[in-house]
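Colleague: Okay, handing you the structure first.
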Amino acid sequence: MNQRLNLPDWAGRAVACLFGSVVLAMMVGPQQGSQNDYGVGFRQAVLNPRIFYFLLIGVLVFFAITYQDVVRRYASRPGVRPLVAGLLVLLASYFLMRWYDPLGNNAKFAGLADAVASTSGLAPLAKAFFGWLWWVSLVVLVVGIFVAIARRLRALGWAMAGLAVVVGVVALVAHAAAADAGGGIDHSYGAPTALVGYLVLAGAGVLAARSRSETAATREFVERVMAFRPGLPLVLMGLLLGVLALVSATWFAPQQANATLVDTSSLFSGSDASGLSEAFLGWLGYVLFVVVLLAGAAAVWTRNRVVGYVAAGLAAVTILIVLVTLHDISATATEAGYPGADGPWRDLGTGGWLLSIAVFSIGAGAFVAARRAHRPAGADEARGTVTGRLHQAGASTTVLSLALFGIGLALFYPPTATTFWQQALVTDIGVYVLLAIGLNVVIGWAGLLDLGYIAFYALGSYTTAYLTGSLPVQPPSWLQLSPLWAIPVAIAVCLVAGVLLGAPTLRLRGDYLAIVTLGFGEIIRIVAVNNPGNITNGPRGVESAVPHPVIDLGFLRIQWGGNQLQYWYLLLVLLAILIFFFYRLEGSRLGRAWAAVREDEVAAQATGVNTTRVKLLAFAIGASTSGLAGVFFASDIGYFNPQNFILNNSILIVAYVVFGGMGSLTGAIAGAAVLTWLPNFLRDQVPSEDRVMWIGAVLVIMMIFRPQGLIPAKRREAELTGLAGHDPSVRPAVQAVPASEGV
Amino acid sequence: MSEFLNFLMLGLTRGSMYALIALGYTLVYGVLQLINFAHSEVFMAGAFGSFLVVHLVVGEGEGLGGFEQLLVTLLGLVAGAISGAVVAFVLERVAYRPLRRRGAPKLAFLISAIGASFFLSQLFGKLFNRLGNNQFPDYLHKGEVLWTPFGARIKLLQVVIIISAVLLMIFLDRLVSGTKLGRGIRATAEDAPTAALMGVDIDRTISRTFIIGGALAGAAGFLFGYAFVFSNTMGFIPGIKAFAAAVLGGIGNIRGAMIGGLLLGVAENLIPTAPWVGGDAWIGQEWTDVVAFVLLILILVFRPTGILGERLGRAA
């Protein structure tokens, strides 16, 4: 028993790698067992020649780890990282993304390639690209760039960079030719993504050709680019997207017709569309884009505050004009009875929205430049202190740029998405982002593990259903409300419920609180199922659909429910309010009290923090956010049942918050967005019943390699590392009990 | 009276299975101060593993003699225990140890365990099947009534389950209080760094703790699967209940987990069915889970560390 078997290090590694490949073999593939033969799944997955492919992967990983010194030496050469990144982007575009929507289930690259192969009369270049050029060129590029890096062949590096650009353009052209021949409405991003991948590969080639240093300094390079001129990357991005939008994107796409900007212009010249729209389509669009671009470039170059704000303003005006034009052409086409046109804001291609994103991006670049125009002289010296580091962390140019670009995408991307993705954006992603930022207050800031969070969501939904008269029990007529007016009531109800649950239980420590909240969540759900006194209509869910909200101000009437986009913008408004509120809350007295309670409750109490009150407030704020999400969910989806509020959802929201980075608002948003996007994405990639398995694997792998989450809270990091700064090479010694850091 | 006895026996049967699972939660909590959320899948793995072995040995399981029945039961328990132990061992290696090496925050362990739980449950579903009604070969005639005191029907199966569970619990109790490994576990639970200084191999102790807890849960998986039906999602509800039972008894406390499990099992079967005379019950069985959780909340509100209190690192 005490005799320890001392196996060499590599043996354990080999076993782990081979075991991993067997598990991978079980995960991949359509096999499933049956009741007649329980072993059939195992046999098909493992006792099958295909196992050798997986074992080969395991062996490769084993060698990569065992000889990681060699691997690392090569991996740190300048250009290797862009090479890998570009390759990954290209693989994603070829194997995961859609290339041509009208093909439905075969919309990926392989499906389009088949369709192209069976179409006659296409340009030979397109035929060649879809037939063999794409993979031959990919192999040549990867091998060539790698050789250029490893052997330092500068000429080869330049040649490969050129080739990459050419192939990227060919991909775009070939896709356009194929789409032209096929017709139909195409929102796919496969070809542009491939172009981006080829451009990254070209960058790798350039680096291989130009760099004289031994090791790459990717991070420094990126930082230098971002700091060279604040806002410049945004402006360049805007330029790229804008050119795409003006030249090749579709602007007007009723049934089977895709019109670029030029085509749209000729389509609408002399129609009933307003003069502004016609002018925009004809020449104003180009002029405005160039003007905005020049103003943005001037702002970025001169770093002048006035120029920056003027450029941002110009961008805003341009976006307005784009929106007016989009509305105008879709409405005019409908009135004129254009075949396939059905209503304002319908049948629009990606072009207008892409141009909006581009212009927004340029405006954002100018805004960033203006914000960074005159930094106080001492700004960089303040870095040394904890406050300075916090300030620095919250306000870096990169973060601001990314956030602004994200806002641009959130505003103008959804209209171009397919109906399926619009639905997913609102009912899966949006609602759970709302829930996650609420739970982040409870778990991330106050450090209370709440496993029954979905209960408040259920309370909010059922309160809305009651107030709008969708349950068997009707409210008194003076109480019957539109869903919008249900928001304050639902928030109040959840606030009270949160306090009622929290008051007796919040003195319990971490894990006890977890099981009590879990029990509470289950009780709420079972009550909804068991339907005492016929108030909830039991497992069948609400009796009649919860109505959609309406705003009626006499002169202005907004009726939700036409499509998911309206809910998306409502959601954005709610999110903006909440994010602003929580952002202010984090640094407030209450936020600091939460941090104190989370780090050390006894010490917090000793310094005069009323811990019970503070914890109760966190609980109540979290609960009311959840209730708000419930109102939104109920009025969006109409019908719901207790199955929407199962314990698994509570657990998943906790997973979103931790996955994103506990205690970080951006982290919670990112975590929820990524993990709710993933199952929808996997729908196209793996059998639907296997999705949960893959998500589980992602969670485990993420926690192994990045336990602090996607975007960890800077505040926590700064608190923990103090003035010493964060040095990733310093790891705590192996501990049996993990560092107690809040929950 | 007869109904009361029936429900009491049902409660004891379920409760002893809860107790076996709860022991795994409590043991791991003792050494790591972590809730092992994937423990319910270890339980599920025990059911599948023992099924494969038992099915292989007895086929459809007709016409076995008494001694053979006993042997097969033992075989099932051992097979379940081994599969549970293997899964728990791998789980610790994959989902816990790397995080410990990195000094990850506590919630990261929770998420990793949740991920592992999703993964295991769905992987078993993919490999075997996703049906909800898999059954063991009925070699023991599980409907057989052993004797009928006061008109109640005490079944052979219930007796087998309770006896097996009690024996396993006694075995665990001796193991933790009497052996060197048990001393190591207790030392680790009480103060890991000091235990390490005293020559306890922390990593190995934690691994063994997972194995022991996994073996108990796997055996419980066999008993549960045999008594009812088994499926890849069977672990969820017993897992939650057993977790509640562990907390009820005082988490980290081994005897607390046993008492908590039995108490929870009995209470959730007796309270909703009162007054046990046939006709309508006062509460009704659809409220079973609510009764269990309300009981848990009440006990925790009035006794915040469970019935026996937390006793990390003590013999019992």
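By order of appearance in the structure tokens: chains A, B, ..., then residues from 1 within every chain, and ligands from 1 in the order shown.
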Counting only C-alpha atoms, collect the residues of chain A whose closest atom lies at most 6 Å from chain B, and write them out as a list of chain:residue names.
Modeller: A:Gln32, A:Gly33, A:Ser34, A:Tyr38, A:Gly41, A:Phe42, A:Val516, A:Gly519, A:Ile523, A:Ala655, A:Met693, A:Gly696, A:Ala697, A:Leu699, A:Val700, A:Met703, A:Ile704, A:Pro707, A:Val734, A:Val737, A:Pro738
Colleague: Taking 4 positions as the minimum chain separation for residues in the same chain, which residues sit within 8 Å of Leu710 (chain A) when counting only C-alpha atoms? Answer as a PyMOL selection string.
Modeller: chain A and resi 659-661+667+670-671+706
Colleague: As an MDAnalysis selection string, please: the residues near region 407-409 of chain A (cut-off 10 Å, only C-alpha atoms, same-chain neighbours under 2 positions excluded).
Modeller: chainID A and resid 353:354 356:361 364 401:405 411:414 572
Colleague: Output C-alpha atoms for every residue in that selection, as an mmCIF file, in the first residue's frame.
Modeller:
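As a result, result_1.cif now contains:
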```
data_model
loop_
_atom_site.group_PDB
_atom_site.id
_atom_site.type_symbol
_atom_site.label_atom_id
_atom_site.label_comp_id
_atom_site.auth_asym_id
_atom_site.auth_seq_id
_atom_site.Cartn_x
_atom_site.Cartn_y
_atom_site.Cartn_z
ATOM 1 C CA TRP A 353 -26.858 47.647 -42.048
ATOM 2 C CA LEU A 354 -23.251 46.899 -42.907
ATOM 3 C CA SER A 356 -24.334 51.597 -40.649
ATOM 4 C CA ILE A 357 -21.901 49.427 -38.729
ATOM 5 C CA ALA A 358 -19.026 50.826 -40.775
ATOM 6 C CA VAL A 359 -20.033 54.438 -40.234
ATOM 7 C CA PHE A 360 -20.702 53.778 -36.565
ATOM 8 C CA SER A 361 -17.250 52.280 -36.295
ATOM 9 C CA ALA A 364 -16.598 55.539 -32.632
ATOM 10 C CA SER A 401 -12.807 50.549 -28.685
ATOM 11 C CA LEU A 402 -14.035 46.986 -28.349
ATOM 12 C CA ALA A 403 -17.040 48.073 -26.306
ATOM 13 C CA LEU A 404 -18.010 50.697 -28.869
ATOM 14 C CA PHE A 405 -17.656 48.275 -31.745
ATOM 15 C CA LEU A 411 -27.479 47.922 -32.881
ATOM 16 C CA PHE A 412 -27.146 47.083 -36.553
ATOM 17 C CA TYR A 413 -26.222 43.415 -36.856
ATOM 18 C CA PRO A 414 -29.508 41.728 -35.758
ATOM 19 C CA LEU A 572 -31.120 46.733 -25.513
#
```
Colleague: Set the distance at 10 Å and use only C-alpha atoms: which residues neighbour Leu314 (chain A) once local chain neighbours fewer than 4 positions away are removed? I'd like the list as a PyMOL selection string.
Modeller: chain A and resi 288-289+291-293+295-296+308-310+318-320+359+363
Colleague: Between A:Ala64, A:Ala634, A:Val597, A:Val196, which one has atoms that come closest to Ala14 (chain A), using only C-alpha atoms?
Modeller: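 Selected residue with least distance to Ala14 (chain A): A:Ala64.
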Colleague: What's the 10 Å shell around Thr73 (chain B), counting only C-alpha atoms, without same-chain residues fewer than 2 positions away, as a PDB file with N, CA and C atoms, in the first residue's frame?
Modeller:
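Saved the output as selection_8.pdb:
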```pdb
ATOM      1  N   SER B  50     -23.131  -1.807 -13.071  1.00  0.00           N
ATOM      2  CA  SER B  50     -23.593  -3.049 -12.460  1.00  0.00           C
ATOM      3  C   SER B  50     -24.583  -3.752 -13.371  1.00  0.00           C
ATOM      4  N   VAL B  54     -24.284  -7.616 -14.311  1.00  0.00           N
ATOM      5  CA  VAL B  54     -25.354  -8.524 -13.886  1.00  0.00           C
ATOM      6  C   VAL B  54     -26.048  -9.137 -15.104  1.00  0.00           C
ATOM      7  N   PHE B  67     -29.122 -19.007  -2.828  1.00  0.00           N
ATOM      8  CA  PHE B  67     -27.712 -18.683  -2.672  1.00  0.00           C
ATOM      9  C   PHE B  67     -27.191 -17.911  -3.885  1.00  0.00           C
ATOM     10  N   GLU B  68     -27.661 -18.360  -5.056  1.00  0.00           N
ATOM     11  CA  GLU B  68     -27.248 -17.668  -6.269  1.00  0.00           C
ATOM     12  C   GLU B  68     -27.745 -16.221  -6.266  1.00  0.00           C
ATOM     13  N   GLN B  69     -28.975 -16.033  -5.757  1.00  0.00           N
ATOM     14  CA  GLN B  69     -29.509 -14.666  -5.683  1.00  0.00           C
ATOM     15  C   GLN B  69     -28.597 -13.791  -4.828  1.00  0.00           C
ATOM     16  N   LEU B  70     -28.178 -14.339  -3.709  1.00  0.00           N
ATOM     17  CA  LEU B  70     -27.296 -13.592  -2.818  1.00  0.00           C
ATOM     18  C   LEU B  70     -25.997 -13.235  -3.534  1.00  0.00           C
ATOM     19  N   LEU B  71     -25.448 -14.254  -4.238  1.00  0.00           N
ATOM     20  CA  LEU B  71     -24.188 -14.017  -4.942  1.00  0.00           C
ATOM     21  C   LEU B  71     -24.335 -12.921  -5.990  1.00  0.00           C
ATOM     22  N   LEU B  75     -22.463  -9.469  -6.329  1.00  0.00           N
ATOM     23  CA  LEU B  75     -21.772  -9.131  -7.567  1.00  0.00           C
ATOM     24  C   LEU B  75     -22.206  -7.761  -8.076  1.00  0.00           C
ATOM     25  N   GLY B  76     -23.522  -7.528  -8.037  1.00  0.00           N
ATOM     26  CA  GLY B  76     -24.042  -6.238  -8.491  1.00  0.00           C
ATOM     27  C   GLY B  76     -23.487  -5.110  -7.648  1.00  0.00           C
ATOM     28  N   LEU B  77     -23.482  -5.319  -6.332  1.00  0.00           N
ATOM     29  CA  LEU B  77     -22.958  -4.269  -5.451  1.00  0.00           C
ATOM     30  C   LEU B  77     -21.500  -3.979  -5.780  1.00  0.00           C
ATOM     31  N   VAL B  78     -20.714  -5.057  -5.954  1.00  0.00           N
ATOM     32  CA  VAL B  78     -19.288  -4.864  -6.217  1.00  0.00           C
ATOM     33  C   VAL B  78     -19.090  -4.181  -7.569  1.00  0.00           C
ATOM     34  N   ALA B  79     -19.853  -4.658  -8.578  1.00  0.00           N
ATOM     35  CA  ALA B  79     -19.698  -4.059  -9.907  1.00  0.00           C
ATOM     36  C   ALA B  79     -20.087  -2.591  -9.877  1.00  0.00           C
ATOM     37  N   TYR B 139     -33.908 -10.960 -11.139  1.00  0.00           N
ATOM     38  CA  TYR B 139     -33.507 -12.259 -10.607  1.00  0.00           C
ATOM     39  C   TYR B 139     -33.955 -12.455  -9.177  1.00  0.00           C
ATOM     40  N   LEU B 140     -34.316 -11.363  -8.494  1.00  0.00           N
ATOM     41  CA  LEU B 140     -34.630 -11.457  -7.057  1.00  0.00           C
ATOM     42  C   LEU B 140     -36.128 -11.486  -6.804  1.00  0.00           C
ATOM     43  N   VAL B 160     -33.339  -6.347   1.560  1.00  0.00           N
ATOM     44  CA  VAL B 160     -32.008  -6.468   0.961  1.00  0.00           C
ATOM     45  C   VAL B 160     -31.336  -5.104   0.888  1.00  0.00           C
ATOM     46  N   ILE B 161     -32.101  -4.108   0.430  1.00  0.00           N
ATOM     47  CA  ILE B 161     -31.507  -2.782   0.259  1.00  0.00           C
ATOM     48  C   ILE B 161     -31.064  -2.212   1.597  1.00  0.00           C
ATOM     49  N   SER B 164     -28.015  -4.105   2.943  1.00  0.00           N
ATOM     50  CA  SER B 164     -26.785  -3.761   2.210  1.00  0.00           C
ATOM     51  C   SER B 164     -26.301  -2.378   2.600  1.00  0.00           C
ATOM     52  N   PHE B 222     -26.587   0.719  -8.027  1.00  0.00           N
ATOM     53  CA  PHE B 222     -27.090  -0.628  -8.302  1.00  0.00           C
ATOM     54  C   PHE B 222     -28.404  -0.867  -7.580  1.00  0.00           C
ATOM     55  N   LEU B 223     -28.435  -0.529  -6.277  1.00  0.00           N
ATOM     56  CA  LEU B 223     -29.657  -0.785  -5.501  1.00  0.00           C
ATOM     57  C   LEU B 223     -30.832  -0.001  -6.078  1.00  0.00           C
ATOM     58  N   TYR B 226     -31.896  -1.311  -9.472  1.00  0.00           N
ATOM     59  CA  TYR B 226     -32.611  -2.568  -9.377  1.00  0.00           C
ATOM     60  C   TYR B 226     -34.027  -2.353  -8.837  1.00  0.00           C
TER      61      TYR B 226
END
```
Colleague: Write out as a PDB file with all heavy atoms, in the first residue's frame which residues come within 9 Å of Gly218 (chain B) when counting only C-alpha atoms, dropping same-chain ones fewer than 4 positions away.
Modeller:
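Wrote around_7.pdb, looks like this:
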```
ATOM      1  N   ILE B  21     -25.493   7.891  -0.920  1.00  0.00           N
ATOM      2  CA  ILE B  21     -24.995   8.937  -1.829  1.00  0.00           C
ATOM      3  C   ILE B  21     -24.484  10.116  -1.013  1.00  0.00           C
ATOM      4  O   ILE B  21     -23.432  10.690  -1.320  1.00  0.00           O
ATOM      5  CB  ILE B  21     -26.102   9.392  -2.786  1.00  0.00           C
ATOM      6  CG1 ILE B  21     -26.753   8.178  -3.452  1.00  0.00           C
ATOM      7  CG2 ILE B  21     -25.554  10.299  -3.854  1.00  0.00           C
ATOM      8  CD1 ILE B  21     -27.984   8.522  -4.238  1.00  0.00           C
ATOM      9  N   VAL B  42     -21.878   9.860 -10.787  1.00  0.00           N
ATOM     10  CA  VAL B  42     -21.158   8.681 -10.303  1.00  0.00           C
ATOM     11  C   VAL B  42     -22.180   7.603  -9.922  1.00  0.00           C
ATOM     12  O   VAL B  42     -22.027   6.420 -10.255  1.00  0.00           O
ATOM     13  CB  VAL B  42     -20.281   9.058  -9.097  1.00  0.00           C
ATOM     14  CG1 VAL B  42     -19.652   7.827  -8.497  1.00  0.00           C
ATOM     15  CG2 VAL B  42     -19.233  10.059  -9.508  1.00  0.00           C
ATOM     16  N   PHE B  43     -23.213   8.043  -9.259  1.00  0.00           N
ATOM     17  CA  PHE B  43     -24.327   7.156  -8.870  1.00  0.00           C
ATOM     18  C   PHE B  43     -24.936   6.501 -10.112  1.00  0.00           C
ATOM     19  O   PHE B  43     -25.124   5.279 -10.176  1.00  0.00           O
ATOM     20  CB  PHE B  43     -25.317   8.049  -8.123  1.00  0.00           C
ATOM     21  CG  PHE B  43     -26.693   7.501  -7.910  1.00  0.00           C
ATOM     22  CD1 PHE B  43     -26.927   6.519  -6.957  1.00  0.00           C
ATOM     23  CD2 PHE B  43     -27.765   8.016  -8.622  1.00  0.00           C
ATOM     24  CE1 PHE B  43     -28.204   6.053  -6.740  1.00  0.00           C
ATOM     25  CE2 PHE B  43     -29.040   7.546  -8.407  1.00  0.00           C
ATOM     26  CZ  PHE B  43     -29.256   6.562  -7.468  1.00  0.00           C
ATOM     27  N   MET B  44     -25.177   7.343 -11.136  1.00  0.00           N
ATOM     28  CA  MET B  44     -25.751   6.825 -12.375  1.00  0.00           C
ATOM     29  C   MET B  44     -24.809   5.824 -13.024  1.00  0.00           C
ATOM     30  O   MET B  44     -25.234   4.756 -13.496  1.00  0.00           O
ATOM     31  CB  MET B  44     -26.026   8.028 -13.286  1.00  0.00           C
ATOM     32  CG  MET B  44     -26.595   7.758 -14.633  1.00  0.00           C
ATOM     33  SD  MET B  44     -25.358   7.517 -15.898  1.00  0.00           S
ATOM     34  CE  MET B  44     -24.523   9.087 -15.931  1.00  0.00           C
ATOM     35  N   ALA B  45     -23.519   6.129 -13.017  1.00  0.00           N
ATOM     36  CA  ALA B  45     -22.543   5.217 -13.621  1.00  0.00           C
ATOM     37  C   ALA B  45     -22.567   3.877 -12.905  1.00  0.00           C
ATOM     38  O   ALA B  45     -22.421   2.819 -13.539  1.00  0.00           O
ATOM     39  CB  ALA B  45     -21.150   5.831 -13.558  1.00  0.00           C
ATOM     40  N   GLY B  46     -22.766   3.890 -11.586  1.00  0.00           N
ATOM     41  CA  GLY B  46     -22.845   2.645 -10.838  1.00  0.00           C
ATOM     42  C   GLY B  46     -23.989   1.778 -11.335  1.00  0.00           C
ATOM     43  O   GLY B  46     -23.843   0.558 -11.490  1.00  0.00           O
ATOM     44  N   ALA B  47     -25.143   2.396 -11.612  1.00  0.00           N
ATOM     45  CA  ALA B  47     -26.284   1.633 -12.109  1.00  0.00           C
ATOM     46  C   ALA B  47     -25.956   0.987 -13.453  1.00  0.00           C
ATOM     47  O   ALA B  47     -26.186  -0.212 -13.661  1.00  0.00           O
ATOM     48  CB  ALA B  47     -27.504   2.533 -12.228  1.00  0.00           C
ATOM     49  N   GLY B  49     -22.960   0.408 -14.847  1.00  0.00           N
ATOM     50  CA  GLY B  49     -21.877  -0.564 -14.742  1.00  0.00           C
ATOM     51  C   GLY B  49     -22.360  -1.878 -14.169  1.00  0.00           C
ATOM     52  O   GLY B  49     -22.082  -2.963 -14.710  1.00  0.00           O
ATOM     53  N   SER B  50     -23.131  -1.807 -13.071  1.00  0.00           N
ATOM     54  CA  SER B  50     -23.593  -3.049 -12.460  1.00  0.00           C
ATOM     55  C   SER B  50     -24.583  -3.752 -13.371  1.00  0.00           C
ATOM     56  O   SER B  50     -24.597  -4.978 -13.453  1.00  0.00           O
ATOM     57  CB  SER B  50     -24.219  -2.763 -11.104  1.00  0.00           C
ATOM     58  OG  SER B  50     -25.266  -1.841 -11.257  1.00  0.00           O
ATOM     59  N   LEU B  77     -23.482  -5.319  -6.332  1.00  0.00           N
ATOM     60  CA  LEU B  77     -22.958  -4.269  -5.451  1.00  0.00           C
ATOM     61  C   LEU B  77     -21.500  -3.979  -5.780  1.00  0.00           C
ATOM     62  O   LEU B  77     -21.088  -2.823  -5.904  1.00  0.00           O
ATOM     63  CB  LEU B  77     -23.076  -4.713  -3.986  1.00  0.00           C
ATOM     64  CG  LEU B  77     -24.453  -4.566  -3.365  1.00  0.00           C
ATOM     65  CD1 LEU B  77     -24.468  -5.174  -1.968  1.00  0.00           C
ATOM     66  CD2 LEU B  77     -24.834  -3.103  -3.284  1.00  0.00           C
ATOM     67  N   VAL B  78     -20.714  -5.057  -5.954  1.00  0.00           N
ATOM     68  CA  VAL B  78     -19.288  -4.864  -6.217  1.00  0.00           C
ATOM     69  C   VAL B  78     -19.090  -4.181  -7.569  1.00  0.00           C
ATOM     70  O   VAL B  78     -18.307  -3.230  -7.695  1.00  0.00           O
ATOM     71  CB  VAL B  78     -18.558  -6.215  -6.176  1.00  0.00           C
ATOM     72  CG1 VAL B  78     -17.136  -6.054  -6.689  1.00  0.00           C
ATOM     73  CG2 VAL B  78     -18.554  -6.753  -4.768  1.00  0.00           C
ATOM     74  N   ALA B  79     -19.853  -4.658  -8.578  1.00  0.00           N
ATOM     75  CA  ALA B  79     -19.698  -4.059  -9.907  1.00  0.00           C
ATOM     76  C   ALA B  79     -20.087  -2.591  -9.877  1.00  0.00           C
ATOM     77  O   ALA B  79     -19.389  -1.732 -10.447  1.00  0.00           O
ATOM     78  CB  ALA B  79     -20.555  -4.813 -10.922  1.00  0.00           C
ATOM     79  N   GLY B  80     -21.203  -2.292  -9.210  1.00  0.00           N
ATOM     80  CA  GLY B  80     -21.619  -0.893  -9.099  1.00  0.00           C
ATOM     81  C   GLY B  80     -20.559  -0.074  -8.397  1.00  0.00           C
ATOM     82  O   GLY B  80     -20.205   1.025  -8.831  1.00  0.00           O
ATOM     83  N   ALA B  81     -20.034  -0.639  -7.296  1.00  0.00           N
ATOM     84  CA  ALA B  81     -19.028   0.093  -6.529  1.00  0.00           C
ATOM     85  C   ALA B  81     -17.795   0.355  -7.380  1.00  0.00           C
ATOM     86  O   ALA B  81     -17.238   1.454  -7.367  1.00  0.00           O
ATOM     87  CB  ALA B  81     -18.660  -0.685  -5.275  1.00  0.00           C
ATOM     88  N   ILE B  82     -17.379  -0.672  -8.145  1.00  0.00           N
ATOM     89  CA  ILE B  82     -16.169  -0.482  -8.946  1.00  0.00           C
ATOM     90  C   ILE B  82     -16.402   0.563 -10.029  1.00  0.00           C
ATOM     91  O   ILE B  82     -15.587   1.474 -10.228  1.00  0.00           O
ATOM     92  CB  ILE B  82     -15.724  -1.825  -9.569  1.00  0.00           C
ATOM     93  CG1 ILE B  82     -15.172  -2.730  -8.473  1.00  0.00           C
ATOM     94  CG2 ILE B  82     -14.654  -1.588 -10.629  1.00  0.00           C
ATOM     95  CD1 ILE B  82     -14.786  -4.098  -8.941  1.00  0.00           C
ATOM     96  N   SER B  83     -17.555   0.481 -10.720  1.00  0.00           N
ATOM     97  CA  SER B  83     -17.757   1.483 -11.781  1.00  0.00           C
ATOM     98  C   SER B  83     -17.869   2.875 -11.185  1.00  0.00           C
ATOM     99  O   SER B  83     -17.322   3.833 -11.748  1.00  0.00           O
ATOM    100  CB  SER B  83     -18.958   1.164 -12.665  1.00  0.00           C
ATOM    101  OG  SER B  83     -19.819   0.271 -12.054  1.00  0.00           O
ATOM    102  N   GLY B  84     -18.573   2.983 -10.040  1.00  0.00           N
ATOM    103  CA  GLY B  84     -18.645   4.299  -9.397  1.00  0.00           C
ATOM    104  C   GLY B  84     -17.271   4.803  -9.020  1.00  0.00           C
ATOM    105  O   GLY B  84     -16.928   5.972  -9.235  1.00  0.00           O
ATOM    106  N   ALA B  85     -16.446   3.894  -8.459  1.00  0.00           N
ATOM    107  CA  ALA B  85     -15.119   4.306  -8.017  1.00  0.00           C
ATOM    108  C   ALA B  85     -14.272   4.763  -9.193  1.00  0.00           C
ATOM    109  O   ALA B  85     -13.561   5.775  -9.107  1.00  0.00           O
ATOM    110  CB  ALA B  85     -14.438   3.155  -7.285  1.00  0.00           C
ATOM    111  N   GLY B 213     -16.058   7.459  -1.794  1.00  0.00           N
ATOM    112  CA  GLY B 213     -17.379   8.043  -1.995  1.00  0.00           C
ATOM    113  C   GLY B 213     -18.029   7.518  -3.269  1.00  0.00           C
ATOM    114  O   GLY B 213     -19.225   7.211  -3.300  1.00  0.00           O
ATOM    115  N   GLY B 214     -17.207   7.383  -4.321  1.00  0.00           N
ATOM    116  CA  GLY B 214     -17.729   6.890  -5.589  1.00  0.00           C
ATOM    117  C   GLY B 214     -18.206   5.460  -5.478  1.00  0.00           C
ATOM    118  O   GLY B 214     -19.243   5.079  -6.041  1.00  0.00           O
ATOM    119  N   PHE B 222     -26.587   0.719  -8.027  1.00  0.00           N
ATOM    120  CA  PHE B 222     -27.090  -0.628  -8.302  1.00  0.00           C
ATOM    121  C   PHE B 222     -28.404  -0.867  -7.580  1.00  0.00           C
ATOM    122  O   PHE B 222     -29.390  -1.316  -8.186  1.00  0.00           O
ATOM    123  CB  PHE B 222     -26.044  -1.664  -7.874  1.00  0.00           C
ATOM    124  CG  PHE B 222     -26.597  -3.045  -7.764  1.00  0.00           C
ATOM    125  CD1 PHE B 222     -27.022  -3.732  -8.899  1.00  0.00           C
ATOM    126  CD2 PHE B 222     -26.734  -3.659  -6.531  1.00  0.00           C
ATOM    127  CE1 PHE B 222     -27.556  -5.002  -8.807  1.00  0.00           C
ATOM    128  CE2 PHE B 222     -27.260  -4.932  -6.426  1.00  0.00           C
ATOM    129  CZ  PHE B 222     -27.683  -5.599  -7.568  1.00  0.00           C
ATOM    130  N   LEU B 223     -28.435  -0.529  -6.277  1.00  0.00           N
ATOM    131  CA  LEU B 223     -29.657  -0.785  -5.501  1.00  0.00           C
ATOM    132  C   LEU B 223     -30.832  -0.001  -6.078  1.00  0.00           C
ATOM    133  O   LEU B 223     -31.930  -0.530  -6.264  1.00  0.00           O
ATOM    134  CB  LEU B 223     -29.434  -0.394  -4.041  1.00  0.00           C
ATOM    135  CG  LEU B 223     -28.382  -1.214  -3.296  1.00  0.00           C
ATOM    136  CD1 LEU B 223     -28.169  -0.659  -1.901  1.00  0.00           C
ATOM    137  CD2 LEU B 223     -28.814  -2.674  -3.224  1.00  0.00           C
TER     138      LEU B 223
END
```
Colleague: Residues near region 175-187 of chain B, anyone? I mean within 12 Å using only C-alpha atoms, not counting same-chain ones fewer than 3 positions away, as a PyMOL selection string.
Modeller: (chain A and resi 1-2+736) or (chain B and resi 23+26-32+168-172+190-210+212-213+252-255+311-316)
Colleague: Give me, please, the distance in Å between CA of Arg507 (chain A) and CA of Val442 (chain A), quoted to one decimal.
Modeller: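 So the two atoms, CA of Arg507 (chain A) and CA of Val442 (chain A), lie 14.5 Å apart.
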Colleague: Could you check which of A:Gly58, A:Gly203, A:Pro476, A:Gly190 is closest to Leu96 (chain A), using only C-alpha atoms?
Modeller: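 That would be A:Gly190, the residue with the smallest distance to Leu96 (chain A).
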Colleague: Please, what distance in Å, to one decimal, runs between CA of Leu678 (chain A) and CA of His39 (chain B)?
Modeller: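 Between CA of Leu678 (chain A) and CA of His39 (chain B) the gap is 25.5 Å.
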Colleague: Quick one: distance from CA of Arg691 (chain A) to CA of Val22 (chain A) in Å, one decimal?
Modeller: 18.9 Å
Colleague: From the set B:Glu62, B:Asp173, B:Glu92, B:Ile162, which residue has the shortest atom-to-atom contact distance to Pro137 (chain B), counting only C-alpha atoms?
Modeller: B:Glu62
